[in-house]
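Undergrad: The structure follows.
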Amino acid sequence: MRERPLTRNIRPGRPPPDLAATLRVGGYQAARRALTRMDPAAVIAEVAASGLRGRGGAGFPTGRKWSLLPKAEDRRPRVLVVNADEMEPGTFKDRLLLEGDPHQIIEGALISAFAIGAGTATIFLRAEYTLAAQALAAAIAEAEAGGWLGRDILGSGFSLELRLHVSAGRYICGEETALLSSLEGRRAIPRAKPPYPAASGLWGDPTVVNNVETIANVPHIVANGAEWFRGLARGADGGTKIYGASGRVKRPGAWELPMGTTIREIVEDHAGGMRAGYRLRGLLPGGASTDFLLAEHLDVAMDFASVEKAGSRLGTGTMIILDDRTCPVAMVHNLERFFARESCGWCTPCRDGLPWVERILAAIEAGDGQPDDLALLAWHTQALGPGRTFCAHAPGAMEPLQSGLKHFRADFERHIAEGGCPWK
Amino acid sequence: MALNADELAEISRLARREPQPHGAAIEALRAVQRRRGWISDETLGEVAQVLGMTADELDSVATFYNLIFRRPVGRHVVLVCDSVSCWIMGCDELRGGLETRLGIAPGQTTPDGRFTLLPIVCLGACDHAPALMIDGDLHGDLDPAKLDRLLEDYR
């Protein structure tokens, strides 16, 4: 049977396993192994060897991220932050893990904190994940009472205080330095990089920020080894991935599958294909801030390198399907309205450029498009692109726009020529 | 209405956990809003004082976050997802149905103070689109026809 380590204890619709149930199925045994039989450097080496890459969207190698912390002579306390601010439109994978198996996240945080020498860890959770907040709070209390958090865990000399921070909204909090600003009680404005959080993060201390799904993988790597983890995947990237599909497919959902599963298998086998009367026209492979792919890309493997080669990004791995009865111009407008609304307002290109893009798209959709609007939109994909803004928010917003203009050019032109939306 | 002893104790407890008291700004605002529904100017000023901030400093934080309410809201806050998956699956029709039934537009509160209607970014329920959230309860697989029964549960 296919191995699915991350979701093996998850029964959707049922309460998550409590501590006793978790321990019965081998939970916290990886933490025991790490804390009592390994040193932190060995844990980092194992995670590095596993090929684990960040599951939040950027795909940075986790072992390398952990190695960027200052040397031991630096006496500042270290901090781990678990990024549970899942807010990328179309993405619903971390919610599954948080609600379904909170002890897995706590164990992952415990081992990761041990590896980087952090005495405090914080789970940064978006406000709307109310079930996850309850599940995590209960699990943290159980872990504290059971001696899996707190002082001198398992007599190892390692102590960890794990806190749950429930946020108050805004997509930009998911950007790791904006998240740190928010944790300090400020507006969630991204920070200049460098210094990176590893050098100066929360309150100026060395900090590692990892996504929920990334953290969830750590106990399994420690328990079963890097080689086993690499063997789970079909391609060069190790492990499984929680993929998802939404839109007009028969069975929208999220599934833990080998990393490198093709788009076709996800859409056709797991999501059941398109609903009757609908054809797949395109898709965003990994959330709102990834480039459109087309039906011709269905056999692309959903791993970092393959999706990039096809012209997009793996992102969060949860795909949004565009069907042939939905207007692509209106879809791009919906995406850009989201990005415009969620700009933090700190840098001018993003704060002023995104609303401009949004209004041009609204005009085209409403039938007021002008012939030179497409050139203006294309200009924005450059002016708001990588390197032109303070953080990755606006460049991410430009990905579906630039690929939408490329792949659905005729639809844009028809809106302008006919003075309206042909789908209405 | 001034902060009561419980609220002051809670804010102080949150502030003490932080290297600097203002680090608790968001959690303190959330704690007070849980009891009062929203953050009035008077409340804001008092929270700021406990955290060693000016009211303007705290307001710059409060107004950044869409789930800190600086205006009164109804007894129930309805957050309607309008991000891409819900949009494909008909969130405009769902929101339209809510506007008709409640007689208000997004950002408004019904005259009887029962409901406030607000847009929200992706609720992470894309497999059950279109979705909305009322008072922290997630509801998915909706269409306008299901609204009457749903709203009945929130008096």
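As shown in the structure tokens, the chain order sets the letters A, B, ...; within each chain, residues go from 1, and ligands are also counted from 1 in the order they appear.
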What lies within 10 Å of B:Gly37 using only C-alpha atoms, ignoring chain neighbours under 6 positions off, as number ranges by chain?
TA: B: 30-31, 68-77
Undergrad: Limited to N, CA and C atoms, could you put the picked residues into a file as a CSV table (one decimal), in the first residue's frame?
TA:
```
chain,number,residue,atom,x,y,z
B,30,ARG,N,-7.5,41.3,20.4
B,30,ARG,CA,-8.4,40.1,20.2
B,30,ARG,C,-9.2,39.7,21.5
B,31,ALA,N,-8.4,39.7,22.6
B,31,ALA,CA,-9.0,39.3,23.9
B,31,ALA,C,-10.2,40.3,24.3
B,68,ILE,N,-9.8,42.8,13.3
B,68,ILE,CA,-10.0,43.7,14.4
B,68,ILE,C,-11.0,44.7,14.0
B,69,PHE,N,-12.1,44.8,14.7
B,69,PHE,CA,-13.2,45.7,14.2
B,69,PHE,C,-13.2,47.0,15.0
B,70,ARG,N,-13.0,48.1,14.3
B,70,ARG,CA,-12.9,49.4,14.9
B,70,ARG,C,-14.3,50.1,14.8
B,71,ARG,N,-15.3,49.4,14.3
B,71,ARG,CA,-16.7,49.9,14.3
B,71,ARG,C,-17.5,48.8,14.8
B,72,PRO,N,-18.7,49.1,15.4
B,72,PRO,CA,-19.6,48.1,15.9
B,72,PRO,C,-20.0,47.1,14.9
B,73,VAL,N,-20.1,45.9,15.3
B,73,VAL,CA,-20.6,44.8,14.4
B,73,VAL,C,-21.8,44.2,15.0
B,74,GLY,N,-22.6,43.4,14.2
B,74,GLY,CA,-23.8,42.8,14.7
B,74,GLY,C,-23.4,41.6,15.6
B,75,ARG,N,-24.5,41.0,16.1
B,75,ARG,CA,-24.3,39.8,17.0
B,75,ARG,C,-23.5,38.7,16.3
B,76,HIS,N,-23.8,38.6,15.0
B,76,HIS,CA,-23.1,37.5,14.2
B,76,HIS,C,-22.4,38.2,13.0
B,77,VAL,N,-21.2,37.8,12.8
B,77,VAL,CA,-20.4,38.3,11.7
B,77,VAL,C,-20.3,37.2,10.6
```
Undergrad: Determine which residues of stretch 64-183 of chain A DSSP labels as helix (DSSP H, G or I) from the backbone of this structure, then write them out as a ChimeraX atom specification.
TA: /A:64-67,93-100,102-116,130-145,153-155,171-174,176-183
Undergrad: What is the distance, in Å and to one decimal place, between atom CA of A:Met302 and atom CA of A:Ala45?
TA: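 Calculated distance between atom CA of A:Met302 and atom CA of A:Ala45 is 25.8 Å.
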Undergrad: Output the contact residues of chain B with respect to chain A at a cut-off of 8 Å, based on only C-alpha atoms, as a CSV table (one decimal) with N, CA, C and O atoms, in the first residue's frame.
TA:
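What landed in result_31.csv:
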```csv
chain,number,residue,atom,x,y,z
B,19,PRO,N,8.9,40.3,25.3
B,19,PRO,CA,10.1,41.1,25.7
B,19,PRO,C,9.7,42.6,25.9
B,19,PRO,O,10.3,43.3,26.7
B,22,HIS,N,4.3,46.0,24.1
B,22,HIS,CA,3.6,46.2,22.8
B,22,HIS,C,3.5,44.9,21.9
B,22,HIS,O,2.7,44.9,21.0
B,23,GLY,N,4.4,44.0,22.2
B,23,GLY,CA,4.3,42.7,21.5
B,23,GLY,C,3.0,42.0,21.6
B,23,GLY,O,2.7,41.2,20.8
B,24,ALA,N,2.3,42.3,22.7
B,24,ALA,CA,1.0,41.7,22.9
B,24,ALA,C,-0.2,42.4,22.3
B,24,ALA,O,-1.4,42.1,22.5
B,25,ALA,N,0.1,43.4,21.4
B,25,ALA,CA,-0.9,44.3,20.9
B,25,ALA,C,-2.1,43.6,20.3
B,25,ALA,O,-3.3,43.8,20.6
B,26,ILE,N,-1.7,42.6,19.4
B,26,ILE,CA,-2.8,42.0,18.6
B,26,ILE,C,-3.6,41.0,19.5
B,26,ILE,O,-4.8,41.0,19.5
B,27,GLU,N,-2.9,40.3,20.3
B,27,GLU,CA,-3.6,39.3,21.2
B,27,GLU,C,-4.5,40.1,22.2
B,27,GLU,O,-5.6,39.7,22.6
B,30,ARG,N,-7.5,41.3,20.4
B,30,ARG,CA,-8.4,40.1,20.2
B,30,ARG,C,-9.2,39.7,21.5
B,30,ARG,O,-10.3,39.4,21.5
B,60,SER,N,-2.8,52.2,14.7
B,60,SER,CA,-2.1,51.9,13.4
B,60,SER,C,-2.0,50.4,13.3
B,60,SER,O,-2.0,49.8,12.2
B,61,VAL,N,-1.9,49.7,14.4
B,61,VAL,CA,-1.9,48.2,14.4
B,61,VAL,C,-3.3,47.7,14.2
B,61,VAL,O,-3.6,46.9,13.3
B,64,PHE,N,-4.8,47.8,10.7
B,64,PHE,CA,-4.1,47.0,9.7
B,64,PHE,C,-4.8,45.6,9.5
B,64,PHE,O,-4.8,45.1,8.4
B,65,TYR,N,-5.3,45.1,10.6
B,65,TYR,CA,-5.8,43.7,10.6
B,65,TYR,C,-7.3,43.7,10.4
B,65,TYR,O,-8.1,44.3,11.1
B,66,ASN,N,-7.8,43.0,9.3
B,66,ASN,CA,-9.2,43.1,9.0
B,66,ASN,C,-10.1,42.4,10.0
B,66,ASN,O,-11.3,42.6,9.9
B,67,LEU,N,-9.6,41.6,10.9
B,67,LEU,CA,-10.5,40.9,11.8
B,67,LEU,C,-10.4,41.6,13.2
B,67,LEU,O,-10.9,41.1,14.2
B,68,ILE,N,-9.8,42.8,13.3
B,68,ILE,CA,-10.0,43.7,14.4
B,68,ILE,C,-11.0,44.7,14.0
B,68,ILE,O,-10.8,45.4,13.0
B,83,SER,N,-12.5,34.5,-2.7
B,83,SER,CA,-11.2,34.2,-3.4
B,83,SER,C,-11.6,33.2,-4.5
B,83,SER,O,-12.7,32.7,-4.7
B,84,VAL,N,-10.5,32.8,-5.3
B,84,VAL,CA,-10.7,32.3,-6.6
B,84,VAL,C,-11.5,31.0,-6.7
B,84,VAL,O,-12.4,30.9,-7.6
B,85,SER,N,-11.3,30.0,-5.8
B,85,SER,CA,-12.0,28.8,-5.9
B,85,SER,C,-13.5,29.0,-5.6
B,85,SER,O,-14.4,28.4,-6.3
B,86,CYS,N,-13.8,29.8,-4.6
B,86,CYS,CA,-15.2,30.1,-4.3
B,86,CYS,C,-15.8,30.9,-5.4
B,86,CYS,O,-17.0,30.8,-5.7
B,87,TRP,N,-15.0,31.8,-6.0
B,87,TRP,CA,-15.5,32.6,-7.1
B,87,TRP,C,-16.0,31.7,-8.3
B,87,TRP,O,-17.1,31.9,-8.8
B,88,ILE,N,-15.1,30.7,-8.6
B,88,ILE,CA,-15.5,29.8,-9.7
B,88,ILE,C,-16.8,29.1,-9.4
B,88,ILE,O,-17.6,28.9,-10.2
B,89,MET,N,-16.9,28.7,-8.1
B,89,MET,CA,-18.1,27.9,-7.7
B,89,MET,C,-19.3,28.7,-7.3
B,89,MET,O,-20.3,28.2,-6.8
B,121,VAL,N,-10.8,36.7,2.6
B,121,VAL,CA,-10.0,35.9,1.7
B,121,VAL,C,-10.2,34.4,1.9
B,121,VAL,O,-10.7,34.0,2.9
B,122,CYS,N,-9.7,33.7,1.0
B,122,CYS,CA,-9.8,32.2,1.0
B,122,CYS,C,-9.8,31.6,2.4
B,122,CYS,O,-8.9,31.9,3.2
B,123,LEU,N,-10.9,30.9,2.7
B,123,LEU,CA,-11.0,30.3,4.0
B,123,LEU,C,-10.4,28.9,4.1
B,123,LEU,O,-10.5,28.3,5.2
B,124,GLY,N,-9.7,28.5,3.1
B,124,GLY,CA,-9.1,27.2,3.1
B,124,GLY,C,-10.1,26.1,3.1
B,124,GLY,O,-9.9,25.0,3.7
B,125,ALA,N,-11.2,26.3,2.5
B,125,ALA,CA,-12.3,25.3,2.3
B,125,ALA,C,-12.6,25.1,0.9
B,125,ALA,O,-13.8,24.9,0.5
B,126,CYS,N,-11.6,25.2,0.0
B,126,CYS,CA,-11.8,25.2,-1.4
B,126,CYS,C,-12.5,23.9,-2.0
B,126,CYS,O,-13.0,23.9,-3.0
B,127,ASP,N,-12.3,22.9,-1.2
B,127,ASP,CA,-12.9,21.6,-1.6
B,127,ASP,C,-14.4,21.6,-1.3
B,127,ASP,O,-15.1,20.6,-1.6
B,128,HIS,N,-14.9,22.6,-0.6
B,128,HIS,CA,-16.3,22.7,-0.3
B,128,HIS,C,-16.8,24.1,-0.7
B,128,HIS,O,-17.7,24.7,0.0
B,136,GLY,N,-17.0,32.2,13.4
B,136,GLY,CA,-16.0,31.1,13.6
B,136,GLY,C,-16.4,29.7,13.2
B,136,GLY,O,-15.7,28.8,13.2
B,137,ASP,N,-17.7,29.6,12.8
B,137,ASP,CA,-18.2,28.3,12.2
B,137,ASP,C,-18.1,28.3,10.7
B,137,ASP,O,-18.6,29.2,10.1
```
Undergrad: Per DSSP on the backbone, filter stretch 9-107 of chain A down to the residues in strand (DSSP E or B) and report them as an NGL selection string.
TA: :A and (53 or 61 or 78-84)
Undergrad: For the residues selected in the previous step, produce a file with all heavy atoms as a short mmCIF file (atom, residue, chain, number, x, y, z; two decimals), in the first residue's frame.
TA:
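Now in selection-v5.cif:
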```
data_model
loop_
_atom_site.label_atom_id
_atom_site.label_comp_id
_atom_site.auth_asym_id
_atom_site.auth_seq_id
_atom_site.Cartn_x
_atom_site.Cartn_y
_atom_site.Cartn_z
N ARG A 53 12.20 19.92 1.08
CA ARG A 53 12.14 21.34 0.71
C ARG A 53 10.85 21.93 1.26
O ARG A 53 9.84 21.25 1.37
CB ARG A 53 12.19 21.49 -0.81
CG ARG A 53 13.54 21.06 -1.38
CD ARG A 53 13.57 21.12 -2.89
NE ARG A 53 13.40 22.48 -3.40
CZ ARG A 53 13.56 22.81 -4.68
NH1 ARG A 53 13.91 21.88 -5.57
NH2 ARG A 53 13.38 24.05 -5.08
N PRO A 61 15.35 24.50 0.67
CA PRO A 61 15.74 23.26 1.37
C PRO A 61 15.78 23.47 2.89
O PRO A 61 16.46 24.37 3.38
CB PRO A 61 17.14 22.97 0.80
CG PRO A 61 17.19 23.67 -0.52
CD PRO A 61 16.35 24.91 -0.34
N ARG A 78 17.49 31.23 20.37
CA ARG A 78 16.99 30.95 19.03
C ARG A 78 15.49 30.66 19.10
O ARG A 78 14.97 30.21 20.11
CB ARG A 78 17.71 29.74 18.45
CG ARG A 78 19.15 30.06 18.09
CD ARG A 78 20.09 28.95 18.51
NE ARG A 78 21.47 29.38 18.33
CZ ARG A 78 22.22 28.97 17.31
NH1 ARG A 78 21.77 28.11 16.44
NH2 ARG A 78 23.45 29.42 17.17
N VAL A 79 14.86 30.91 17.98
CA VAL A 79 13.40 30.84 17.96
C VAL A 79 12.95 30.03 16.74
O VAL A 79 13.49 30.19 15.65
CB VAL A 79 12.79 32.27 17.86
CG1 VAL A 79 11.27 32.19 17.83
CG2 VAL A 79 13.27 33.15 19.00
N LEU A 80 11.95 29.17 16.97
CA LEU A 80 11.31 28.48 15.86
C LEU A 80 9.90 29.03 15.70
O LEU A 80 9.18 29.21 16.69
CB LEU A 80 11.23 26.96 16.13
CG LEU A 80 10.44 26.16 15.09
CD1 LEU A 80 11.21 26.04 13.78
CD2 LEU A 80 10.08 24.77 15.62
N VAL A 81 9.51 29.31 14.47
CA VAL A 81 8.13 29.71 14.19
C VAL A 81 7.54 28.74 13.17
O VAL A 81 8.15 28.47 12.14
CB VAL A 81 8.06 31.15 13.63
CG1 VAL A 81 6.62 31.50 13.27
CG2 VAL A 81 8.60 32.15 14.65
N VAL A 82 6.38 28.18 13.51
CA VAL A 82 5.67 27.32 12.58
C VAL A 82 4.63 28.19 11.87
O VAL A 82 3.74 28.75 12.51
CB VAL A 82 4.98 26.15 13.31
CG1 VAL A 82 4.25 25.25 12.30
CG2 VAL A 82 5.99 25.35 14.11
N ASN A 83 4.80 28.32 10.56
CA ASN A 83 3.91 29.19 9.79
C ASN A 83 2.62 28.44 9.43
O ASN A 83 2.59 27.62 8.52
CB ASN A 83 4.64 29.67 8.53
CG ASN A 83 3.86 30.75 7.78
OD1 ASN A 83 2.65 30.92 8.01
ND2 ASN A 83 4.53 31.44 6.88
N ALA A 84 1.58 28.71 10.20
CA ALA A 84 0.27 28.10 9.97
C ALA A 84 -0.72 29.17 9.52
O ALA A 84 -1.90 29.12 9.83
CB ALA A 84 -0.22 27.40 11.24
#
```
Undergrad: For B:Leu3, work out the shell of residues within 9 Å, counting only C-alpha atoms and skipping chain neighbours fewer than 4 positions away, then give it as a compact mmCIF listing (two decimals) with C-alpha atoms, in the first residue's frame.
TA:
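Below is the file that was written, selection.txt:
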```
# COMPACT_ATOMS: atom_id res chain seq x y z
CA GLU B 7 -9.77 42.48 31.00
CA LEU B 8 -6.97 44.50 32.57
CA VAL B 32 -10.99 42.53 24.40
CA THR B 43 -11.29 50.82 24.66
CA GLU B 46 -7.17 52.05 27.58
CA VAL B 47 -5.55 48.99 25.99
```
Undergrad: Which polymer residues have any atom within 9 Å of an atom of A:Leu384, counting only C-alpha atoms, with same-chain residues fewer than 6 positions away left out, as a list in words?
TA: Pro349, Cys350, Gly353, Leu354, Ala394, Pro395, Ala397 and Met398 of chain A
Undergrad: Go ahead and dump the residues you just picked, C-alpha atoms, as a PDB file, in the first residue's frame.
TA:
```pdb
ATOM      1  CA  PRO A 349       4.753  49.745  -6.865  1.00  0.00           C
ATOM      2  CA  CYS A 350       2.643  47.208  -5.009  1.00  0.00           C
ATOM      3  CA  GLY A 353       0.281  49.246  -9.078  1.00  0.00           C
ATOM      4  CA  LEU A 354      -1.952  46.380  -7.999  1.00  0.00           C
ATOM      5  CA  ALA A 394       3.377  41.837  -6.147  1.00  0.00           C
ATOM      6  CA  PRO A 395       5.714  39.575  -8.138  1.00  0.00           C
ATOM      7  CA  ALA A 397       0.459  38.603  -8.226  1.00  0.00           C
ATOM      8  CA  MET A 398       2.058  39.078 -11.624  1.00  0.00           C
TER       9      MET A 398
END
```
Undergrad: Rounded to one decimal, what separation in Å do you get between atom CA of A:Asp291 and atom CA of A:Ser312?
TA: 4.7 Å
Undergrad: Of the residues A:Ile116, A:Ile172, A:Ala216, A:Leu160, which is the one nearest to A:Asp101, using only C-alpha atoms?
TA: A:Ala216
Undergrad: Which distance in Å separates atom CA of A:Gly260 and atom CA of A:Asn211, to one decimal?
TA: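 Atom CA of A:Asn211 lies 19.4 Å from atom CA of A:Gly260.
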Undergrad: For stretch 104-113 of chain A, work out the shell of residues within 8 Å, counting only C-alpha atoms and skipping chain neighbours fewer than 3 positions away, then give it as a PDB file with N, CA, C and O atoms, in the first residue's frame.
TA:
```
ATOM      1  N   GLY A  27       3.499   7.698  17.993  1.00  0.00           N
ATOM      2  CA  GLY A  27       3.765   9.133  18.023  1.00  0.00           C
ATOM      3  C   GLY A  27       4.790   9.478  19.100  1.00  0.00           C
ATOM      4  O   GLY A  27       4.870   8.790  20.119  1.00  0.00           O
ATOM      5  N   TYR A  28       5.562  10.521  18.849  1.00  0.00           N
ATOM      6  CA  TYR A  28       6.597  11.047  19.754  1.00  0.00           C
ATOM      7  C   TYR A  28       7.803  10.113  19.877  1.00  0.00           C
ATOM      8  O   TYR A  28       8.725  10.399  20.634  1.00  0.00           O
ATOM      9  N   ALA A  30       9.863   9.449  17.428  1.00  0.00           N
ATOM     10  CA  ALA A  30      10.950  10.137  16.713  1.00  0.00           C
ATOM     11  C   ALA A  30      11.545  11.224  17.602  1.00  0.00           C
ATOM     12  O   ALA A  30      12.762  11.427  17.629  1.00  0.00           O
ATOM     13  N   ALA A  31      10.677  11.915  18.356  1.00  0.00           N
ATOM     14  CA  ALA A  31      11.177  12.943  19.276  1.00  0.00           C
ATOM     15  C   ALA A  31      12.050  12.291  20.348  1.00  0.00           C
ATOM     16  O   ALA A  31      13.118  12.805  20.710  1.00  0.00           O
ATOM     17  N   ALA A  34      15.366  11.518  18.781  1.00  0.00           N
ATOM     18  CA  ALA A  34      16.183  12.709  18.531  1.00  0.00           C
ATOM     19  C   ALA A  34      16.752  13.248  19.841  1.00  0.00           C
ATOM     20  O   ALA A  34      17.957  13.524  19.941  1.00  0.00           O
ATOM     21  N   LEU A  35      15.898  13.397  20.841  1.00  0.00           N
ATOM     22  CA  LEU A  35      16.333  14.063  22.072  1.00  0.00           C
ATOM     23  C   LEU A  35      17.265  13.196  22.921  1.00  0.00           C
ATOM     24  O   LEU A  35      18.096  13.724  23.657  1.00  0.00           O
ATOM     25  N   VAL A  79      14.857  30.915  17.978  1.00  0.00           N
ATOM     26  CA  VAL A  79      13.401  30.842  17.956  1.00  0.00           C
ATOM     27  C   VAL A  79      12.946  30.031  16.738  1.00  0.00           C
ATOM     28  O   VAL A  79      13.493  30.185  15.648  1.00  0.00           O
ATOM     29  N   LEU A  80      11.955  29.171  16.969  1.00  0.00           N
ATOM     30  CA  LEU A  80      11.309  28.478  15.858  1.00  0.00           C
ATOM     31  C   LEU A  80       9.896  29.025  15.702  1.00  0.00           C
ATOM     32  O   LEU A  80       9.182  29.206  16.687  1.00  0.00           O
ATOM     33  N   VAL A  82       6.384  28.178  13.507  1.00  0.00           N
ATOM     34  CA  VAL A  82       5.667  27.321  12.577  1.00  0.00           C
ATOM     35  C   VAL A  82       4.628  28.193  11.870  1.00  0.00           C
ATOM     36  O   VAL A  82       3.737  28.754  12.511  1.00  0.00           O
ATOM     37  N   LEU A  97      -3.845  19.039   8.120  1.00  0.00           N
ATOM     38  CA  LEU A  97      -2.849  18.562   9.086  1.00  0.00           C
ATOM     39  C   LEU A  97      -3.088  19.119  10.483  1.00  0.00           C
ATOM     40  O   LEU A  97      -2.948  18.412  11.484  1.00  0.00           O
ATOM     41  N   LEU A  98      -3.455  20.394  10.543  1.00  0.00           N
ATOM     42  CA  LEU A  98      -3.622  21.051  11.851  1.00  0.00           C
ATOM     43  C   LEU A  98      -4.836  20.508  12.590  1.00  0.00           C
ATOM     44  O   LEU A  98      -4.783  20.241  13.790  1.00  0.00           O
ATOM     45  N   ASP A 101      -4.292  16.148  12.926  1.00  0.00           N
ATOM     46  CA  ASP A 101      -3.253  15.494  13.722  1.00  0.00           C
ATOM     47  C   ASP A 101      -2.338  16.542  14.369  1.00  0.00           C
ATOM     48  O   ASP A 101      -1.160  16.657  14.020  1.00  0.00           O
ATOM     49  N   ILE A 116      17.670  23.065  15.984  1.00  0.00           N
ATOM     50  CA  ILE A 116      18.245  24.416  15.836  1.00  0.00           C
ATOM     51  C   ILE A 116      18.569  25.052  17.177  1.00  0.00           C
ATOM     52  O   ILE A 116      19.038  26.184  17.240  1.00  0.00           O
ATOM     53  N   GLY A 117      18.287  24.353  18.268  1.00  0.00           N
ATOM     54  CA  GLY A 117      18.612  24.875  19.594  1.00  0.00           C
ATOM     55  C   GLY A 117      17.681  25.975  20.069  1.00  0.00           C
ATOM     56  O   GLY A 117      18.097  26.878  20.793  1.00  0.00           O
ATOM     57  N   ALA A 118      16.416  25.909  19.665  1.00  0.00           N
ATOM     58  CA  ALA A 118      15.443  26.932  20.065  1.00  0.00           C
ATOM     59  C   ALA A 118      14.742  26.521  21.356  1.00  0.00           C
ATOM     60  O   ALA A 118      14.258  25.393  21.457  1.00  0.00           O
ATOM     61  N   GLY A 119      14.710  27.425  22.304  1.00  0.00           N
ATOM     62  CA  GLY A 119      14.014  27.153  23.561  1.00  0.00           C
ATOM     63  C   GLY A 119      12.555  27.580  23.524  1.00  0.00           C
ATOM     64  O   GLY A 119      11.768  27.209  24.394  1.00  0.00           O
ATOM     65  N   THR A 120      12.213  28.377  22.536  1.00  0.00           N
ATOM     66  CA  THR A 120      10.811  28.775  22.376  1.00  0.00           C
ATOM     67  C   THR A 120      10.390  28.555  20.920  1.00  0.00           C
ATOM     68  O   THR A 120      11.190  28.715  19.997  1.00  0.00           O
ATOM     69  N   ALA A 121       9.157  28.154  20.770  1.00  0.00           N
ATOM     70  CA  ALA A 121       8.585  27.983  19.432  1.00  0.00           C
ATOM     71  C   ALA A 121       7.179  28.559  19.460  1.00  0.00           C
ATOM     72  O   ALA A 121       6.497  28.510  20.485  1.00  0.00           O
ATOM     73  N   ALA A 139      -4.002  19.929  22.308  1.00  0.00           N
ATOM     74  CA  ALA A 139      -2.841  19.046  22.157  1.00  0.00           C
ATOM     75  C   ALA A 139      -1.615  19.609  22.873  1.00  0.00           C
ATOM     76  O   ALA A 139      -0.836  18.858  23.478  1.00  0.00           O
ATOM     77  N   ILE A 140      -1.441  20.927  22.829  1.00  0.00           N
ATOM     78  CA  ILE A 140      -0.298  21.536  23.538  1.00  0.00           C
ATOM     79  C   ILE A 140      -0.443  21.292  25.042  1.00  0.00           C
ATOM     80  O   ILE A 140       0.526  20.922  25.721  1.00  0.00           O
ATOM     81  N   LEU A 149       6.521  18.685  26.326  1.00  0.00           N
ATOM     82  CA  LEU A 149       6.887  20.098  26.216  1.00  0.00           C
ATOM     83  C   LEU A 149       7.235  20.555  27.633  1.00  0.00           C
ATOM     84  O   LEU A 149       6.840  19.922  28.606  1.00  0.00           O
ATOM     85  N   LEU A 160      11.508  23.216  25.980  1.00  0.00           N
ATOM     86  CA  LEU A 160      10.827  23.956  24.923  1.00  0.00           C
ATOM     87  C   LEU A 160       9.503  24.502  25.427  1.00  0.00           C
ATOM     88  O   LEU A 160       8.660  23.762  25.946  1.00  0.00           O
ATOM     89  N   VAL A 212       3.824  24.502   8.071  1.00  0.00           N
ATOM     90  CA  VAL A 212       3.204  23.382   8.796  1.00  0.00           C
ATOM     91  C   VAL A 212       3.536  22.022   8.173  1.00  0.00           C
ATOM     92  O   VAL A 212       3.960  21.085   8.859  1.00  0.00           O
ATOM     93  N   ILE A 215       7.133  21.023   8.702  1.00  0.00           N
ATOM     94  CA  ILE A 215       7.360  20.569  10.082  1.00  0.00           C
ATOM     95  C   ILE A 215       6.803  19.168  10.293  1.00  0.00           C
ATOM     96  O   ILE A 215       7.394  18.337  10.987  1.00  0.00           O
ATOM     97  N   ALA A 216       5.660  18.887   9.669  1.00  0.00           N
ATOM     98  CA  ALA A 216       5.005  17.584   9.846  1.00  0.00           C
ATOM     99  C   ALA A 216       5.867  16.443   9.296  1.00  0.00           C
ATOM    100  O   ALA A 216       5.748  15.304   9.734  1.00  0.00           O
ATOM    101  N   ASN A 217       6.722  16.746   8.326  1.00  0.00           N
ATOM    102  CA  ASN A 217       7.586  15.721   7.731  1.00  0.00           C
ATOM    103  C   ASN A 217       8.747  15.323   8.634  1.00  0.00           C
ATOM    104  O   ASN A 217       9.287  14.216   8.502  1.00  0.00           O
ATOM    105  N   VAL A 218       9.152  16.231   9.511  1.00  0.00           N
ATOM    106  CA  VAL A 218      10.397  16.035  10.261  1.00  0.00           C
ATOM    107  C   VAL A 218      10.397  14.766  11.118  1.00  0.00           C
ATOM    108  O   VAL A 218      11.376  13.995  11.078  1.00  0.00           O
ATOM    109  N   PRO A 219       9.330  14.478  11.903  1.00  0.00           N
ATOM    110  CA  PRO A 219       9.381  13.245  12.707  1.00  0.00           C
ATOM    111  C   PRO A 219       9.571  12.003  11.859  1.00  0.00           C
ATOM    112  O   PRO A 219      10.287  11.070  12.273  1.00  0.00           O
TER     113      PRO A 219
END
```
